[in-house]
Amino acid sequence: MTPSTESTEVGKGDGGDGDLARRLRADLDGEVRFDDYSRHLFARDASMYAITPLGVVFPRHADDVRAAVAAAAEHGVSVVPRGAGTSLAGQTTGPGIVLDLSRHLRRIVALEPDGRTALVEPGVVQDQLNRAAAPHGLMFGPDTSTSNRATIGGMIGNNSAGSGSLRYGMTIDHVRALDVVLADASTAHFAPLTAKEHADRAGSATFDGRIHRELPALVTAHADAIAAGFPGHWRRAGGYRLDRLAREDTPFDLAKFVVGSEGTLALTTRALVDLVPRPAHTVFAVGHFTSVAGAIEATQDALACDPAAVELMDRTILDLSRQKIEYASLATVLEGDPDALLFVSFTGDDERELIGSVERLTSLWRRHGHGYHTLAAITPADQAALLKVRKSSLGLLMAASQGTRRPLAFIEDTAVDPVHLPAYTARLRKVLDRHGLTAGFYGHCSVGCLHIRPFLDVTDPAQRDTMRAVAEEIKDLVTEYGGVNSSEHGDGLARSEFNRELFGDELYEAMRRVKGLFDPENRLNPGKIVDAPAMTDHLRDPALPPAPGLRTRLDFEVTGGMRAAADRCMNIGLCRKSDVGAMCPSYMATRDEQDSTRGRAGALVKALSAPDPHRALGDERLHEVLDLCLMCKACKSECPLGVDMASLKAEALSHHHDEHGIPLRSRVFGAVRTLNRLGSATAPLSNLPGRVPLLRRLLHRTLGITPHRPLPRYTRRNLVRWFARRPGTRPAAPRGPVVLLADSFTTYTEPEIGRAAVELLERAGWDVRLESGGCCGRSSISKGLLDDAGDKAFQLVHRLTESTPAEAPVTGCEPSCLMTLRDEHRALLPRDSAREAVTARVRQLEELLTEAIDDGGLTLRTDSWLNGRTLLFHGHCHQKAEVGTAATVALLRRIPGVEVTELDAGCCGMAGSFGFESEHYDVSMTVGEDRLFPAVRAAADDTVVVATGSSCRQQIFHGTERDAWHPVQLLREAL
C-alpha cells in the first residue's frame, strides 16, 4: 500500500506496468517508470497534499512531451507537468502521468545579451540561468527564495514573483514567447500577435486555430465581469488572466495568458524570457524590532526610500536558525535579541548613493521611533549570513514541525496593499488567536505579501475543520482589504476551491469555458484553478496509516521513530540544488529525483508504512533508491529539517542484510581495520594487488572493486609501531594527557599524518596517549553492519573510559572516525554515563592546536616554504555536518604568510568505500568533477591543496594528480 492518496485514473487495459507504460516506452526516448516507489515519490510536492499517479515520465526533448500527451489522451488519463516539485499549493500532484520536465529539459538554448533575452527549456533552474547571464551583466528578474532549484517552467506555471517583485514584477512580465504542447498533442508557438497574424491563426482549422478564434469572443462576452471581478491589488497569481487579454493597449498574447495557468491549459517546452540588467551593487538596511507589528509599521518609511525589496523575518525563523551549524554565523552580526528583522535592500550602480539611502532610512526610522537598531550591510561579506537565513526561511520554519504538527501553507499567499498591511496582519493574528493557533511570519512587506503558516496537525479531524474555518475567514478578510488570495504561489489544491466565490459566478464560469476551450477532455492537470476538490481532500498526513512497530538497531527515539525521522521531509527540495553546498552529491550527478534526499526519504516512508516494515526495508527497489546515497551526512546539516539520510540508510541496510544476507564485499569493507592492519604487517607484499593487473581484475570479479582506482598503499612502519618504538624522552606535558585515536586509515596508509599530530601535540605540552586497540565502527556503519558497529563502539567507549584519564580530551586526524564518537555512538549505544562522558571529551585536533598557538605553546616560523603560498582547503563532509570547518580554517590561517581559500565544493565523491565499488565508480568521479576537480586543476602550481579526510585526499589525487596535505602536516612544516 502506498501511504499517499491512490490514483483513481485507470488507463484502457492498463494494469500498472501495462498497455500505457509499454506505449510510452515505445514512443519516448526518455525514461518511463510505473513501479510503486516511483509513483510514490511523485505523489507529493512541497505542499500538504499527495495524490499517487499512474506513472512517471522523464522526457528528453519536446517530442517526448508531445508523445506522452498523445499516449495519455488515447488511454484516457491525465498529464501533470512538474519542475522541481517545490509547489506549495499542490499544483504538481495529480492522477495520471507525471511529466518530470526538470531532469533532461534543462538546456539554455540561446542567450542574446544585446536583446536581453534567453531561450530556455522548462527544466532550466533560475540560478543556472542567472549564472549564464551574469557575465553579460544580466539576470532573470523574478527572484524566488527557491532560486537554486526552482525551474523556469515551474515559475511560468505558478507566475512566481519573489523578493524583488516591487522592482521587477512577476514572471508574467518577463515572458516573451512560449513553445507549447496542447491538449490534443499538437504544438503551438505563443507570442504577441499583430491583428493580421491573429486573423491568420484564427482562420486555421487546427486546434490552435480554434483557440485563437473562440477566445477573443469569450473575452468580449464577459468583458464586464472581467473588468469588475479581478482584485485591485496588482500582485496576482490566481485564476486565468483574462484581464490581460481584455487590455486594448496590448496585442493578443497567449504566451502571457498561460503564465500562471499551472499546466492546465498547455505544457511549455521552450520559453523566450526577458533578462534585466543586474545591479552592480546591493546594500541592506536591517532593522531590529521588538515585535512583528513594529516591523510591519516601519514598512511605509522603508517604501518612502525607494527600496528594491522589504522583507520580514520573525523570531520563529531567527531562533530556528541558531540551532543549525549552517546558519551559526548569523549570531555574530545581530544586535541583541530581536523579535523581528526587516531587510530593506537598495540596488543600483552607484554604491555611494545606495549607502546614502541606507542612511536616510536609518534616520527616518530613528526619527519615528521604529526599531532599536539598524544594521548597515554593505559588502557581500557583511550580507552573507543574513541572506543565507533569509532565503531559507521556509525550510527553517518547517524544521519546527513536531511529528504531524506542521506549519501548513493554506493562508500564506494572501497579499494586500502595503498601506493596509499593519491593520490586516493585526486582524489576521486575532483570527489565529481565536482558533488557538501559532504561526511563523516572514515574507515580502514591500508588496503586502506575508507568508504566514499556522501550525496544525491535520491527522486530527478537528484540526482539519479549524484549517478550513481559518482559510475561509482569511479569504473574506483579504477580500475586505481589496487584496488577493493567491499572490505568488498559485491556486493549486489549497485555494482553487474558493475561486468561484472570489471572482464571482460569471467570471468563474468564463474561466471554466477557458479550460474547456484549451482542454476539452480535462486531461491537463485537472482539479486546479477550476472544478477543484475541497481544500481538505488529498491531504498527505491523514492518508498515512499508523506507523507499524519496528525494532531498529539505531536509536530514532528523538524523532519519534524511524518513519517519523524520514517523514520529517516536507519536500521543499533544497536537496535538489546544484553548484553550491554539499547536499545532495548524487542528485547533483544524476539529476534524478530518486537520488535526492527527499526522494530517498519518501521511499523510506512508503516502506515504513507497510504492514511489515522490516520485510519492506529489504525490498530491492527500495535499495535501488538508496544505493547512490554516499552517506556524506550533508543532509543532516544542510536540510533545514535535519533529515539524516546516512543513519536512515545504515538502518535500512541492516534490515536488508537480515532478509538477504551480508554480501562478502560488505564484510570486507566493514572489517577495514583488520584488513589494513594485516596489509601493514605484510607490506610491501600486500601492495601487489594494486600494481598487478591480473590481481586487480580478480578483485573486480570477486569483490566488485573497480580496477580504475589506485588502492591505498600500506606502510610497514605504521603509526602504532612508530609510537611504540620511538626513542628518547618525551617533553614536559603541562597541559596533561590527551588521547589520539589511531584511526583505521591514516594509521596504516598515511602514518606520517599521525606522527605529525603526535609531535605537534607534544610540543604544545600534551602527554599523548595513542588509542590503537580497536575501531570506532565507522566502516561497519556505512555497510549497515550495525550489530558489529555496536560491538566496536561499546569496546572503544569502555576502553576510553577505563584506560584513559577522565579529563583527557579525545581527538584524532580522521574526521569521519572522530565524528562517529559524537554522532553515531549516541544512536548505537544505550544512553549511559560512559557514552556521554566520552562524547563530551571529543575535541577537534585543530581546536587543540589553535589554542596552543594562541597561548604561546606552539611557535610557528615565518620563513617556512609555505610563506606566500595559497592554501586551497577542502573540508570533510562529516566534519561539515557535525561541527563545521571553522576550526580547520582558523588553524590554517595561523600559519604565517599564507592565504587560505575554502572550497564550496560539496562532497569529493569518494565517500569511503563508495568510490572503490565498481558500480559506483562513475558516479563517484562525476561528483568529484562537479566542483572539486575543476577548482583544484585551476589552482596555480604553487597552491597547496589541503584536505582533512583520507578519502578526500585519495580522490583529489586520483582526479587531478595533485597531492593534498592534511592540515597537521603543514603545521608541522611551519613549526
# chains A, B, ... in the order shown; residues from 1 in each chain; ligands from 1
$ select_by_dssp --residues "segment 460-580 of chain A" --states "helix (DSSP H, G or I)" --output "VMD selection string"
chain A and resid 461 to 480 492 to 503 505 to 518 540 to 543 557 to 559 562 to 567 574 to 576
$ select_by_dssp --residues "segment 222-370 of chain A" --states "strand (DSSP E or B)" --output "mmCIF file with C-alpha atoms, in the first residue's frame"
data_model
loop_
_atom_site.group_PDB
_atom_site.id
_atom_site.type_symbol
_atom_site.label_atom_id
_atom_site.label_comp_id
_atom_site.auth_asym_id
_atom_site.auth_seq_id
_atom_site.Cartn_x
_atom_site.Cartn_y
_atom_site.Cartn_z
ATOM 1 C CA PHE A 252 -3.255 39.435 -28.378
ATOM 2 C CA ASP A 253 -0.697 37.370 -26.452
ATOM 3 C CA LEU A 267 2.644 22.365 -21.463
ATOM 4 C CA THR A 268 5.688 24.568 -22.028
ATOM 5 C CA THR A 269 8.623 23.020 -23.881
ATOM 6 C CA ARG A 270 10.611 26.217 -24.537
ATOM 7 C CA ALA A 271 10.358 29.752 -23.248
ATOM 8 C CA LEU A 272 11.776 33.019 -24.541
ATOM 9 C CA VAL A 273 12.196 35.201 -21.480
ATOM 10 C CA ASP A 274 13.421 38.709 -20.867
ATOM 11 C CA VAL A 276 17.139 42.590 -16.903
ATOM 12 C CA PRO A 277 20.332 44.462 -16.038
ATOM 13 C CA HIS A 281 25.635 46.804 -6.039
ATOM 14 C CA THR A 282 23.117 45.742 -3.412
ATOM 15 C CA VAL A 283 23.150 47.115 0.114
ATOM 16 C CA PHE A 284 20.869 46.386 3.046
ATOM 17 C CA ALA A 285 19.453 48.199 5.995
ATOM 18 C CA VAL A 286 18.464 45.518 8.518
ATOM 19 C CA GLY A 287 16.098 46.908 11.107
ATOM 20 C CA HIS A 288 15.890 45.204 14.519
ATOM 21 C CA PHE A 289 12.461 45.282 16.183
ATOM 22 C CA ALA A 309 12.610 44.989 -1.542
ATOM 23 C CA VAL A 310 11.412 44.969 2.061
ATOM 24 C CA GLU A 311 11.468 41.538 3.690
ATOM 25 C CA LEU A 312 10.263 40.453 7.147
ATOM 26 C CA MET A 313 11.638 37.638 9.313
ATOM 27 C CA ASP A 314 10.197 36.899 12.748
ATOM 28 C CA ALA A 340 11.713 40.584 14.089
ATOM 29 C CA LEU A 341 14.048 41.822 11.390
ATOM 30 C CA LEU A 342 13.193 43.964 8.392
ATOM 31 C CA PHE A 343 15.577 43.550 5.444
ATOM 32 C CA VAL A 344 15.423 46.621 3.223
ATOM 33 C CA SER A 345 17.530 46.300 0.081
ATOM 34 C CA PHE A 346 18.680 49.053 -2.260
ATOM 35 C CA THR A 347 20.118 48.180 -5.657
ATOM 36 C CA GLY A 348 21.887 50.167 -8.340
#
$ closest_residue --among "A:Ala399, A:Leu740, A:Ile474, A:Leu970" --to "Glu638 of chain A" --atoms "only C-alpha atoms"
A:Ala399
$ residues_around --residues "Ser913 of chain A" --least-positions-apart "5" --cutoff "12 Å" --atoms "only C-alpha atoms" --output "count of residues only"
35
$ atom_distance --atom1 "atom CA of Arg360 of chain A" --atom2 "atom CA of Ala298 of chain A"
13.5 Å
$ closest_atom_pairs --of "segment 854-896 of chain A" --to "segment 752-774 of chain A" --cutoff "9 Å" --atoms "only C-alpha atoms" --output "Markdown table"
| residue | atom | partner | partner_atom | distance |
| --- | --- | --- | --- | --- |
| A:Gly856 | CA | A:Ala764 | CA | 8.5 |
| A:Gly857 | CA | A:Ala764 | CA | 4.8 |
| A:Leu858 | CA | A:Ala764 | CA | 5.3 |
| A:Thr859 | CA | A:Ala764 | CA | 9.0 |
$ write_last_selection --atoms "N, CA and C atoms" --output "PDB file, in the first residue's frame"
ATOM      1  N   GLY A 856      50.824  30.580  23.030  1.00  0.00           N
ATOM      2  CA  GLY A 856      52.283  30.529  23.000  1.00  0.00           C
ATOM      3  C   GLY A 856      52.876  29.156  23.167  1.00  0.00           C
ATOM      4  N   GLY A 857      52.055  28.126  23.310  1.00  0.00           N
ATOM      5  CA  GLY A 857      52.575  26.770  23.458  1.00  0.00           C
ATOM      6  C   GLY A 857      53.237  26.254  22.199  1.00  0.00           C
ATOM      7  N   LEU A 858      52.777  26.726  21.056  1.00  0.00           N
ATOM      8  CA  LEU A 858      53.396  26.384  19.772  1.00  0.00           C
ATOM      9  C   LEU A 858      53.806  27.679  19.075  1.00  0.00           C
ATOM     10  N   THR A 859      55.019  27.702  18.572  1.00  0.00           N
ATOM     11  CA  THR A 859      55.508  28.880  17.854  1.00  0.00           C
ATOM     12  C   THR A 859      55.800  28.488  16.412  1.00  0.00           C
TER      13      THR A 859
END
$ atom_distance --atom1 "atom CA of Ala161 of chain A" --atom2 "atom CA of Phe503 of chain A"
21.6 Å
$ decode --residues "segment 69-98 of chain A" --atoms "N, CA and C atoms" --output "mmCIF file, in the first residue's frame"
data_model
loop_
_atom_site.group_PDB
_atom_site.id
_atom_site.type_symbol
_atom_site.label_atom_id
_atom_site.label_comp_id
_atom_site.auth_asym_id
_atom_site.auth_seq_id
_atom_site.Cartn_x
_atom_site.Cartn_y
_atom_site.Cartn_z
ATOM 1 N N VAL A 69 1.735 13.182 -24.102
ATOM 2 C CA VAL A 69 0.378 13.735 -24.073
ATOM 3 C C VAL A 69 -0.533 12.927 -24.996
ATOM 4 N N ALA A 70 -0.020 12.560 -26.172
ATOM 5 C CA ALA A 70 -0.825 11.761 -27.111
ATOM 6 C C ALA A 70 -1.172 10.400 -26.523
ATOM 7 N N ALA A 71 -0.187 9.725 -25.925
ATOM 8 C CA ALA A 71 -0.432 8.404 -25.352
ATOM 9 C C ALA A 71 -1.419 8.486 -24.191
ATOM 10 N N ALA A 72 -1.251 9.492 -23.351
ATOM 11 C CA ALA A 72 -2.157 9.642 -22.207
ATOM 12 C C ALA A 72 -3.577 9.897 -22.681
ATOM 13 N N ALA A 73 -3.734 10.735 -23.719
ATOM 14 C CA ALA A 73 -5.067 11.037 -24.229
ATOM 15 C C ALA A 73 -5.737 9.778 -24.780
ATOM 16 N N GLU A 74 -4.980 8.977 -25.508
ATOM 17 C CA GLU A 74 -5.554 7.755 -26.076
ATOM 18 C C GLU A 74 -5.949 6.755 -25.005
ATOM 19 N N HIS A 75 -5.249 6.785 -23.871
ATOM 20 C CA HIS A 75 -5.572 5.857 -22.785
ATOM 21 C C HIS A 75 -6.503 6.481 -21.743
ATOM 22 N N GLY A 76 -6.939 7.702 -22.006
ATOM 23 C CA GLY A 76 -7.929 8.316 -21.130
ATOM 24 C C GLY A 76 -7.409 8.717 -19.770
ATOM 25 N N VAL A 77 -6.139 9.108 -19.680
ATOM 26 C CA VAL A 77 -5.593 9.530 -18.398
ATOM 27 C C VAL A 77 -5.062 10.954 -18.515
ATOM 28 N N SER A 78 -4.849 11.581 -17.386
ATOM 29 C CA SER A 78 -4.418 12.978 -17.360
ATOM 30 C C SER A 78 -2.899 13.078 -17.328
ATOM 31 N N VAL A 79 -2.419 14.296 -17.509
ATOM 32 C CA VAL A 79 -0.993 14.594 -17.508
ATOM 33 C C VAL A 79 -0.741 15.727 -16.530
ATOM 34 N N VAL A 80 0.266 15.553 -15.669
ATOM 35 C CA VAL A 80 0.631 16.568 -14.685
ATOM 36 C C VAL A 80 2.072 16.994 -14.943
ATOM 37 N N PRO A 81 2.305 18.215 -15.442
ATOM 38 C CA PRO A 81 3.689 18.672 -15.652
ATOM 39 C C PRO A 81 4.328 19.064 -14.321
ATOM 40 N N ARG A 82 5.643 18.841 -14.220
ATOM 41 C CA ARG A 82 6.318 19.072 -12.949
ATOM 42 C C ARG A 82 7.737 19.546 -13.206
ATOM 43 N N GLY A 83 8.138 20.559 -12.441
ATOM 44 C CA GLY A 83 9.515 21.018 -12.481
ATOM 45 C C GLY A 83 10.269 20.463 -11.292
ATOM 46 N N ALA A 84 10.636 21.338 -10.354
ATOM 47 C CA ALA A 84 11.369 20.879 -9.180
ATOM 48 C C ALA A 84 10.454 20.332 -8.096
ATOM 49 N N GLY A 85 9.148 20.428 -8.294
ATOM 50 C CA GLY A 85 8.224 19.926 -7.281
ATOM 51 C C GLY A 85 8.256 20.739 -6.006
ATOM 52 N N THR A 86 8.521 22.056 -6.130
ATOM 53 C CA THR A 86 8.560 22.918 -4.950
ATOM 54 C C THR A 86 7.233 23.647 -4.734
ATOM 55 N N SER A 87 6.212 23.259 -5.482
ATOM 56 C CA SER A 87 4.916 23.931 -5.376
ATOM 57 C C SER A 87 4.353 23.790 -3.967
ATOM 58 N N LEU A 88 3.831 24.888 -3.452
ATOM 59 C CA LEU A 88 3.364 24.916 -2.068
ATOM 60 C C LEU A 88 1.856 24.739 -1.943
ATOM 61 N N ALA A 89 1.140 24.753 -3.072
ATOM 62 C CA ALA A 89 -0.315 24.637 -3.004
ATOM 63 C C ALA A 89 -0.827 23.350 -3.621
ATOM 64 N N GLY A 90 0.066 22.438 -3.991
ATOM 65 C CA GLY A 90 -0.355 21.157 -4.540
ATOM 66 C C GLY A 90 -0.542 21.153 -6.046
ATOM 67 N N GLN A 91 0.109 22.085 -6.744
ATOM 68 C CA GLN A 91 -0.061 22.160 -8.197
ATOM 69 C C GLN A 91 0.466 20.932 -8.932
ATOM 70 N N THR A 92 1.527 20.303 -8.423
ATOM 71 C CA THR A 92 2.187 19.242 -9.190
ATOM 72 C C THR A 92 1.885 17.857 -8.637
ATOM 73 N N THR A 93 0.754 17.719 -7.980
ATOM 74 C CA THR A 93 0.277 16.398 -7.581
ATOM 75 C C THR A 93 -1.013 16.127 -8.324
ATOM 76 N N GLY A 94 -1.154 14.917 -8.815
ATOM 77 C CA GLY A 94 -2.373 14.579 -9.523
ATOM 78 C C GLY A 94 -2.327 13.173 -10.068
ATOM 79 N N PRO A 95 -3.480 12.642 -10.456
ATOM 80 C CA PRO A 95 -3.535 11.300 -11.025
ATOM 81 C C PRO A 95 -3.024 11.317 -12.462
ATOM 82 N N GLY A 96 -2.926 10.161 -13.054
ATOM 83 C CA GLY A 96 -2.473 10.099 -14.434
ATOM 84 C C GLY A 96 -0.965 9.987 -14.518
ATOM 85 N N ILE A 97 -0.379 10.690 -15.489
ATOM 86 C CA ILE A 97 1.045 10.599 -15.768
ATOM 87 C C ILE A 97 1.720 11.896 -15.344
ATOM 88 N N VAL A 98 2.729 11.791 -14.504
ATOM 89 C CA VAL A 98 3.550 12.951 -14.162
ATOM 90 C C VAL A 98 4.685 13.063 -15.173
#
